[in-house]
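J.: Before I ask anything, let me first share the structure, which is written out below as structure tokens.
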Amino acid sequence: TQLLEQSPQFLSIQEGENLTVYCNSSSVFSSLQWYRQEPGEGPVLLVTVVTGGEVKKLKRLTFQFGDARKDSSLHITAAQPGDTGLYLCAGAPGANNLFFGTGTRLTVIP
Amino acid sequence: DAGITQSPRHKVTETGTPVTLRCHQTENHRYMYWYRQDPGHGLRLIHYSYGVKDTDKGEVSDGYSVSRSKTEDFLLTLESATSSQTSVYFCAISELSAIAFFGQGTRLTVV
């Protein structure tokens, strides 16, 4: 089993603050995905990173894949209440499978 | 939104009874997956399919079976439900492996 550890597990911040969420593993992944999940819904894909050192931006969200393709980070600038949710990372060691981290539950307080 | 429909959305069943969950897609994607989501464990893969009648086990497959007789349908069967199978079940699809769209989930309670 590929173990993906996410930190922190819970994060509560004020609107306008910045934050970073981490996803770490001892395994190498061919790609890594980030998802956001809202209560009662399935996860929604935010981004896929495939190249070591790759940085992708999605509005106020910045995603980085580690050089060794074992870890990733998600940085949110000026968090808004609409960013509230469960953030999941998932790594693909190869084809046909995804291993998920346990998630970071983010609450942005207005 | 990707066209994935899970049914039923909620189900309560008794221990020892068989249960079948259905996933239907309208995207004609090759890969289909069944995950379960539990507090503290995240999403764990039960079974997946890479084509009609082609399936394989995931990390938590014991007590579950699957079938895919058509591209659009992927069925998950709990052969004899146990309380440990109380969970939220998600179906997912992808065309390129490792990139998935998820259904809205089925909340199953085994009493």
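Quick note on naming: the chains in the structure tokens go A, B, ... in the order shown, residues restart at 1 in each chain, and ligands are numbered from 1 in order of appearance.
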Applying 8 Å and only C-alpha atoms, which residues near range 16-27 of chain A remain after dropping the ones on its own chain fewer than 5 positions away? List them as a PyMOL selection string.

T.: chain A and resi 2-8+70-80+89+93+101+104

J.: Tell me the residues of chain B close to chain A, meaning within 12 Å using only C-alpha atoms, as JSON, numbers by chain.

T.: {"B": [1, 2, 4, 5, 6, 9, 10, 30, 31, 32, 33, 34, 35, 36, 37, 38, 39, 40, 41, 42, 43, 44, 45, 46, 47, 48, 49, 50, 51, 55, 56, 57, 58, 59, 60, 88, 89, 90, 91, 92, 93, 94, 95, 96, 97, 98, 99, 100, 101, 102, 103, 104, 105, 106, 107]}

J.: Taking 2 positions as the minimum chain separation for residues in the same chain, which residues sit within 8 Å of Leu75 in chain B when counting only C-alpha atoms? Answer as a list in words.

T.: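 These residues fall inside the cut-off: Thr20, Leu21, Arg22, Cys23, Val66, Ser67, Arg68, Asp73 and Thr77 of chain B.
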